[in-house]
Amino acid sequence: MKRILPFLILAAIFAIRARAAGTLTPKTSTEQPIQIVSHDVNVVIDNGFARTEVVQVFHNPNDKDVEAVYSFPVPKSASLSEITIWSGDREMNGEVVAAEQAKKAYAEERNAGNDAGLGECSCNKKKDDVEFGSYKFSIARVAASADTKIRFVYYQPLTIDTGVGRYIYPLQEGGTDEAAKSFWLRNAQVEQRFAMNVELKSAWPVDEVRVPGADAEAKVTKIDNGHYKVAIERQHGDLSHALVLYYRLADNLPGRVEMIAYKPNAAATGTFMMVVTPGIDLKPITSGADYVFVLDVSGSMQGKLATLAHGVAETMKQMKTGDRFRIVAFSDHANDVTHGFVDASPQSVEEWSQKVAALTPQSGTNIYAGLELAIKGLNADRATSVILVTDGVANEGIIDPKEFRKLLKSNDVRVFGFVMGNNANWPLMRTIADASGGFYSGVSNDDDIIGQILLAKSKITSEALHDATLKIGGVNVSDTTGTVIGKVYRGQQLVIFGRYAKGGRANVTLAAKLTGADKTYTTQFYFPETDTANPELERLWALAMTEDVTAREYAGVMPETEAENAIRDIGIRYQLVTDYTSMLVLSDGDFAKRGIDRNNKQRIEVEHAAQTVRGQQGAQSWRVDSSQPMFSGQSHSLGHGGGGAFDPATVLLALMLAASAIATSRRC
Amino acid sequence: MLSEALQYQRDAVNAGQWWRFATASFVHWSWDQVMWDGIAFVVLALIAARLWRVRFFVAFVVSAIAIPLFVHFFVRGVDTYRGLSGVDSALFALVAIRIGGQAKAPVLHWICFVAFASKIAFEMFSGSTMFVRELAPGVASLPVAHLVGAAIGVVAALLPELRLQCMQLFDQRSDRILESLHAYGEWFSG
């Protein structure tokens with residue numbers, strides 16, 4: 001049995017300034033940087049996915065027209081779907097085409113002095129002119145001394161983890177693209193207003209909503225048990241800190257199966273997103289275990305090591321009698337800091353916490369060396385977990401994901417990866433987690449670190465399901481993602497995307513092993529013949545498919561060119577910006593001139609119509625197993641800690657009372 | 001690690017670690033919590049122990065154990081508990097009631113008493129504490145701990161009154177019995 005304490009990661013990230021979103025100006029340019037006048041973010045979180053709309057106004061302080069370039073970290077699993085640019089009275093919208101075609105067309109329009117825009121992504125592949133892990137928006141012509149407005153929209157699935165939902169507005173990047181850093185000057189200051197409005201709709205009661213780090217300025221309004229609005233407004237803000245919103249569902253909710261489907265008519269192919277929240281009794285693990293902390297001390301961790309050390313210390317304090325730990329640090333090479341395992345006693349925890357605090361950053365990020373050293377000399381009789389903390393991209397030593405997979409498949413360890421910052425190499429982290437049966441999580445620098453620690457602790461100090469698979473019978477489904485699951489940890493939600501041809505009664509079975517015994521959980525429900533409520537599902541499914549293709553490429557089971565073609569095809573068909581597709585923004589006339597079909601325009605019209613209908617409704621319940629529950633138990637929740645605490649005002653009352661007591665007793 | 005071994009923890013108590021009912025009030029989630037709870041405890045305990053030793057002892061011991069017990073049986077959603085403020089609430093109520101019963105309790109006393117009672121009422125009505133939002137990540141301050149503590153303090157403040165009256169009544173009856181015996185003895189010897 002294994003236990004993991006992933007506290008370190010979060011602490012390292014917390015309160016560390018790294019590179020931000022912002023406008024980019026070449027360092028060699030003689031022009032003044034484009035200014036960000038205002039930045040408005042509107043988010044709707046509605047039962048399983050989030051729609052984020054960003055509206056930004058730029059100002060050109062120069063006395064000539066210039067091109068504006070804006071960089072924005074790619075949120076995890078985001079599908080960029082709309083870009084609108086207003087230049088004066090002119091409104092231009094975007095269509096997704098092949099990346100080379102988009103780049104060429106944009107360059108031609110820009111060189112001709114026309115209005116145009118381009119949205120590109122270096123999502124998982126490095127590009128020469130786009131920062132890794134970022135979207136890059138280019139606007140060909142921002143008029144001299146004038147404003148230009150840009151609006152973009154992306155969708156993301158959001159899962160609930162141990163009863164806690166989490167939304168990150170990812171302004172902060174990991175800071176590892178050295179080439180980009182050396183080329184661009186970044187302006188992340190908002191001259192006037194930064195505003196964020198979040199509407200949360202949940203069919204299940206929500207107990208609490210928080211924005212860690214911005215609790216004081218966030219105005220949280222409860223409209224109903226599962227309906228909240230959160231508003232944050234700042235003057236002269238900056239875009240260097242991510243905003244993280246947590247919402248905690250009520251305790252004692254049932255294990256359940258929920259499904260959203262989109263099928264515009266009986267003849268069309270339907271799309272579904274099924275979310276399984278297990279209600280299985282996973283008992284706490286009580287035996288001693290080994291933990292290996294693999295810590296990134298590369299140059300980009302400069303300024304983060306103090307909080308990393310704090311996180312390590314807090315993590316080790318959570319260990320129990322019988323646990324052992326080992327610390328491996330890596331930069332361009334790996335180093336065994338503890339020279340083997342150390343018993344987790346209070347004295348050794350204190351001693352090694354101080355030594356970790358004294359680590360100094362080096363250059364290079366050689367994740368492979370760190371993992372390889374961590375796996376050496378393990379005790380086969382003890383459960384071992386590896387906690388990997390890194391803030392960016394592997395750029396030294398072995399970087400081929402297939403080699404990582406081979407390394408981890410040949411050893412019986414679980415790796416729990418925590419990535420600091422928003423432009424991490426997600427496919428590599430997924431490869432590492434999948435190959436070892438662990439999990440991975442991104443942590444924003446402004447995340448609620450200790451909250452993430454508690455979530456991870458809950459997972460790794462409890463039993464888990466093994467060899468889990470999900471089968472759907474009775475309905476002809478295809479192009480599914482997420483059905484081969486592997487391990488299911490406490491509090492984990494399973495998300496399955498897929499297509500289906502015809503509605504009907506489906507049998508859904510989750511099969512797994514728990515402490516060696518076979519377990520099956522089944523239910524039956526209907527796939528709808530038509531459902532028009534959530535057309536955005538097609539983009540979410542398409543994004544899940546591209547992530548699956550990338551994971552298979554990284555695992556070495558799909559050739560690179562085949563993966564590239566598959567992603568390009570999906571991106572164009574479902575209008576997603578990917579490594580191989582970009583969004584070209586032109587006027588209606590220019591699209592017609594170039595013979596580019598308005599597929600995205602049609603798709604957006606359908607989505608907006610559905611959003612208008614949903615906007616007038618409360619949260620809808622999408623539970624489909626009510627009549628035949630798949631699970632008999634309750635879903636996992638974090639459990640509350642409670643405390644008795646006097647505040648300073650009450651202590652003052654106590655002092656006053658004591659004074660009056662003394663005065664009275666003297667008089668008597 | 002010591003704090004984890006001494007805090008109230010539902011699954012540990014269910015597994016037989018009952019000592020946690022007695023120790024939970026004396027561990028805390030943060031140094032901040034230790035400081036404020038500690039100051040209130042020292043101030044109130046010195047007054048109460050000096051003026052009403054037995055009542056102080058009753059309030060202190062009963063609240064320290066009863067509050068984690070209450071959490072265990074009646075606050076099912078809470079899995080862990082630490083903190084001294086429930087005991088502090090018991091001592092606050094004890095001192096406030098005892099002083100309030102005196103003939104010449106100062107105005108300041110009544111201000112404190114009303115403010116404290118209002119705070120507890122607000123906490124119970126709103127479901128959250130007035131000032132302390134979160135003691136540690138995932139750990140919320142529990143208003144009911146203050147209410148239970150205050151109730152125990154009230155009982156500790158009043159119960160000795162009854163005992164004292166019973167003692168006085170017993171003394172009176174004892175005196176009468178002795179007088180009767182004396183009279184009988186005189187008659188017998190007489």
# chains A, B, ... in the order shown; residues from 1 in each chain; ligands from 1
>>> closest_atom_pairs(of="chain A", to="chain B", cutoff="8 Å", atoms="only C-alpha atoms", output="JSON lines")
{"residue": "A:Asp251", "atom": "CA", "partner": "B:Gly77", "partner_atom": "CA", "distance": 7.2}
{"residue": "A:Lys317", "atom": "CA", "partner": "B:Met1", "partner_atom": "CA", "distance": 5.8}
{"residue": "A:Gln318", "atom": "CA", "partner": "B:Met1", "partner_atom": "CA", "distance": 6.5}
{"residue": "A:Met319", "atom": "CA", "partner": "B:Met1", "partner_atom": "CA", "distance": 7.5}
{"residue": "A:Lys320", "atom": "CA", "partner": "B:Met1", "partner_atom": "CA", "distance": 7.4}
{"residue": "A:Pro346", "atom": "CA", "partner": "B:Met1", "partner_atom": "CA", "distance": 7.4}
{"residue": "A:Ile450", "atom": "CA", "partner": "B:Pro137", "partner_atom": "CA", "distance": 5.7}
{"residue": "A:Gly451", "atom": "CA", "partner": "B:Pro137", "partner_atom": "CA", "distance": 5.5}
{"residue": "A:Leu454", "atom": "CA", "partner": "B:Gly138", "partner_atom": "CA", "distance": 7.6}
{"residue": "A:Gly639", "atom": "CA", "partner": "B:Asp79", "partner_atom": "CA", "distance": 5.9}
{"residue": "A:His640", "atom": "CA", "partner": "B:Val78", "partner_atom": "CA", "distance": 4.6}
{"residue": "A:Gly641", "atom": "CA", "partner": "B:Val139", "partner_atom": "CA", "distance": 4.2}
{"residue": "A:Gly642", "atom": "CA", "partner": "B:Tyr81", "partner_atom": "CA", "distance": 4.5}
{"residue": "A:Gly643", "atom": "CA", "partner": "B:Ser141", "partner_atom": "CA", "distance": 4.8}
{"residue": "A:Gly644", "atom": "CA", "partner": "B:Gly83", "partner_atom": "CA", "distance": 4.4}
{"residue": "A:Ala645", "atom": "CA", "partner": "B:Ser85", "partner_atom": "CA", "distance": 4.9}
{"residue": "A:Phe646", "atom": "CA", "partner": "B:Asp37", "partner_atom": "CA", "distance": 5.5}
{"residue": "A:Asp647", "atom": "CA", "partner": "B:Val132", "partner_atom": "CA", "distance": 6.0}
{"residue": "A:Pro648", "atom": "CA", "partner": "B:Trp36", "partner_atom": "CA", "distance": 6.4}
{"residue": "A:Thr650", "atom": "CA", "partner": "B:Phe116", "partner_atom": "CA", "distance": 7.4}
{"residue": "A:Val651", "atom": "CA", "partner": "B:Ala40", "partner_atom": "CA", "distance": 5.4}
{"residue": "A:Leu653", "atom": "CA", "partner": "B:Cys112", "partner_atom": "CA", "distance": 5.6}
{"residue": "A:Ala654", "atom": "CA", "partner": "B:Ala40", "partner_atom": "CA", "distance": 6.0}
{"residue": "A:Leu655", "atom": "CA", "partner": "B:Val43", "partner_atom": "CA", "distance": 6.8}
{"residue": "A:Met656", "atom": "CA", "partner": "B:Cys112", "partner_atom": "CA", "distance": 6.9}
{"residue": "A:Leu657", "atom": "CA", "partner": "B:His109", "partner_atom": "CA", "distance": 5.6}
{"residue": "A:Ala658", "atom": "CA", "partner": "B:Leu44", "partner_atom": "CA", "distance": 6.4}
{"residue": "A:Ser660", "atom": "CA", "partner": "B:His109", "partner_atom": "CA", "distance": 5.5}
{"residue": "A:Ala661", "atom": "CA", "partner": "B:Ile99", "partner_atom": "CA", "distance": 6.2}
{"residue": "A:Ile662", "atom": "CA", "partner": "B:Ile47", "partner_atom": "CA", "distance": 7.6}
{"residue": "A:Thr664", "atom": "CA", "partner": "B:Ala105", "partner_atom": "CA", "distance": 6.0}
>>> closest_atom_pairs(of="range 203-314 of chain A", to="range 352-371 of chain A", cutoff="6 Å", atoms="only C-alpha atoms", output="Markdown table")
| residue | atom | partner | partner_atom | distance |
| --- | --- | --- | --- | --- |
| A:Val297 | CA | A:Pro361 | CA | 4.9 |
| A:Ser298 | CA | A:Gln362 | CA | 4.7 |
| A:Gly299 | CA | A:Ser363 | CA | 4.5 |
| A:Gln302 | CA | A:Pro361 | CA | 5.8 |
| A:Ala306 | CA | A:Ala357 | CA | 5.9 |
| A:Ala309 | CA | A:Ala357 | CA | 4.8 |
| A:Ala313 | CA | A:Ser353 | CA | 5.1 |
>>> closest_residue(among="A:Leu510, A:Lys201, A:Val275, A:Ala374", to="Gln616 in chain A", atoms="only C-alpha atoms")
A:Lys201
>>> atom_distance(atom1="CA of Trp541 in chain A", atom2="CA of Ala511 in chain A")
23.4 Å
>>> select_by_dssp(residues="range 4-171 of chain B", states="strand (DSSP E)", output="list in words")
Tyr8, Gln9, Val78, Asp79, Thr80, Tyr81, Arg82, Glu134, Leu135, Ala136, Val139, Ala140 and Ser141 of chain B
>>> residues_around(residues="Thr483 in chain A", least_positions_apart="3", cutoff="9 Å", atoms="only C-alpha atoms", output="number ranges by chain")
A: 468-471, 480, 494-497
>>> write_last_selection(atoms="all heavy atoms", output="mmCIF file, in the first residue's frame")
data_model
loop_
_atom_site.group_PDB
_atom_site.id
_atom_site.type_symbol
_atom_site.label_atom_id
_atom_site.label_comp_id
_atom_site.auth_asym_id
_atom_site.auth_seq_id
_atom_site.Cartn_x
_atom_site.Cartn_y
_atom_site.Cartn_z
ATOM 1 N N ALA A 468 -8.871 -0.334 -12.886
ATOM 2 C CA ALA A 468 -10.268 0.048 -13.123
ATOM 3 C C ALA A 468 -10.518 0.288 -14.610
ATOM 4 O O ALA A 468 -9.694 0.882 -15.299
ATOM 5 C CB ALA A 468 -10.607 1.307 -12.332
ATOM 6 N N THR A 469 -11.651 -0.207 -15.079
ATOM 7 C CA THR A 469 -12.091 0.078 -16.452
ATOM 8 C C THR A 469 -13.580 0.377 -16.409
ATOM 9 O O THR A 469 -14.294 -0.079 -15.510
ATOM 10 C CB THR A 469 -11.860 -1.109 -17.399
ATOM 11 O OG1 THR A 469 -12.536 -2.251 -16.856
ATOM 12 C CG2 THR A 469 -10.396 -1.432 -17.578
ATOM 13 N N LEU A 470 -14.028 1.133 -17.389
ATOM 14 C CA LEU A 470 -15.450 1.447 -17.475
ATOM 15 C C LEU A 470 -15.972 1.000 -18.829
ATOM 16 O O LEU A 470 -15.371 1.332 -19.855
ATOM 17 C CB LEU A 470 -15.686 2.948 -17.277
ATOM 18 C CG LEU A 470 -17.159 3.326 -17.145
ATOM 19 C CD1 LEU A 470 -17.375 4.220 -15.924
ATOM 20 C CD2 LEU A 470 -17.651 4.026 -18.399
ATOM 21 N N LYS A 471 -17.062 0.240 -18.803
ATOM 22 C CA LYS A 471 -17.628 -0.261 -20.062
ATOM 23 C C LYS A 471 -19.053 0.270 -20.210
ATOM 24 O O LYS A 471 -19.817 0.317 -19.249
ATOM 25 C CB LYS A 471 -17.649 -1.787 -20.067
ATOM 26 C CG LYS A 471 -16.279 -2.413 -20.280
ATOM 27 C CD LYS A 471 -16.410 -3.920 -20.527
ATOM 28 C CE LYS A 471 -15.111 -4.549 -20.968
ATOM 29 N NZ LYS A 471 -13.995 -4.384 -20.029
ATOM 30 N N THR A 480 -14.126 7.136 -27.511
ATOM 31 C CA THR A 480 -14.219 7.471 -26.086
ATOM 32 C C THR A 480 -12.842 7.808 -25.527
ATOM 33 O O THR A 480 -11.817 7.329 -26.022
ATOM 34 C CB THR A 480 -14.813 6.305 -25.281
ATOM 35 O OG1 THR A 480 -14.034 5.125 -25.542
ATOM 36 C CG2 THR A 480 -16.254 6.041 -25.645
ATOM 37 N N LEU A 494 -14.139 10.482 -12.232
ATOM 38 C CA LEU A 494 -13.764 9.932 -13.538
ATOM 39 C C LEU A 494 -14.572 10.669 -14.598
ATOM 40 O O LEU A 494 -15.788 10.818 -14.453
ATOM 41 C CB LEU A 494 -14.085 8.442 -13.601
ATOM 42 C CG LEU A 494 -13.617 7.613 -12.402
ATOM 43 C CD1 LEU A 494 -14.107 6.186 -12.530
ATOM 44 C CD2 LEU A 494 -12.105 7.657 -12.295
ATOM 45 N N VAL A 495 -13.887 11.146 -15.626
ATOM 46 C CA VAL A 495 -14.570 11.873 -16.708
ATOM 47 C C VAL A 495 -14.377 11.101 -17.996
ATOM 48 O O VAL A 495 -13.240 10.828 -18.391
ATOM 49 C CB VAL A 495 -13.999 13.296 -16.849
ATOM 50 C CG1 VAL A 495 -14.720 14.035 -17.964
ATOM 51 C CG2 VAL A 495 -14.135 14.056 -15.535
ATOM 52 N N ILE A 496 -15.461 10.751 -18.618
ATOM 53 C CA ILE A 496 -15.418 9.970 -19.864
ATOM 54 C C ILE A 496 -16.128 10.779 -20.946
ATOM 55 O O ILE A 496 -17.271 11.209 -20.765
ATOM 56 C CB ILE A 496 -16.131 8.607 -19.701
ATOM 57 C CG1 ILE A 496 -15.433 7.789 -18.600
ATOM 58 C CG2 ILE A 496 -16.148 7.828 -20.984
ATOM 59 C CD1 ILE A 496 -16.086 7.837 -17.249
ATOM 60 N N PHE A 497 -15.408 10.997 -22.034
ATOM 61 C CA PHE A 497 -16.013 11.645 -23.205
ATOM 62 C C PHE A 497 -16.215 10.595 -24.290
ATOM 63 O O PHE A 497 -15.485 9.592 -24.351
ATOM 64 C CB PHE A 497 -15.095 12.734 -23.769
ATOM 65 C CG PHE A 497 -15.091 14.010 -22.997
ATOM 66 C CD1 PHE A 497 -14.082 14.279 -22.093
ATOM 67 C CD2 PHE A 497 -16.091 14.955 -23.182
ATOM 68 C CE1 PHE A 497 -14.066 15.476 -21.375
ATOM 69 C CE2 PHE A 497 -16.081 16.148 -22.469
ATOM 70 C CZ PHE A 497 -15.073 16.402 -21.573
#
>>> closest_residue(among="B:Ala66, B:Ala156, B:Val148, B:Ala59", to="Arg20 in chain B", atoms="only C-alpha atoms")
B:Ala66
>>> closest_residue(among="A:Ala464, A:Ile596, A:Leu245, A:Ile139", to="Lys487 in chain A", atoms="only C-alpha atoms")
A:Ala464
>>> residues_around(residues="Glu463 in chain A", least_positions_apart="6", cutoff="7 Å", atoms="only C-alpha atoms", output="PyMOL selection string")
chain A and resi 282-285
>>> write_last_selection(atoms="N, CA, C and O atoms", output="mmCIF file, in the first residue's frame")
data_model
loop_
_atom_site.group_PDB
_atom_site.id
_atom_site.type_symbol
_atom_site.label_atom_id
_atom_site.label_comp_id
_atom_site.auth_asym_id
_atom_site.auth_seq_id
_atom_site.Cartn_x
_atom_site.Cartn_y
_atom_site.Cartn_z
ATOM 1 N N LEU A 282 -13.108 3.561 0.945
ATOM 2 C CA LEU A 282 -11.664 3.356 0.806
ATOM 3 C C LEU A 282 -11.035 3.679 2.160
ATOM 4 O O LEU A 282 -10.996 4.847 2.566
ATOM 5 N N LYS A 283 -10.543 2.659 2.824
ATOM 6 C CA LYS A 283 -10.100 2.823 4.220
ATOM 7 C C LYS A 283 -8.732 3.492 4.292
ATOM 8 O O LYS A 283 -7.927 3.390 3.371
ATOM 9 N N PRO A 284 -8.445 4.144 5.417
ATOM 10 C CA PRO A 284 -7.118 4.745 5.583
ATOM 11 C C PRO A 284 -6.038 3.669 5.667
ATOM 12 O O PRO A 284 -6.285 2.567 6.158
ATOM 13 N N ILE A 285 -4.873 4.006 5.185
ATOM 14 C CA ILE A 285 -3.728 3.095 5.245
ATOM 15 C C ILE A 285 -2.960 3.394 6.529
ATOM 16 O O ILE A 285 -2.689 4.559 6.832
#
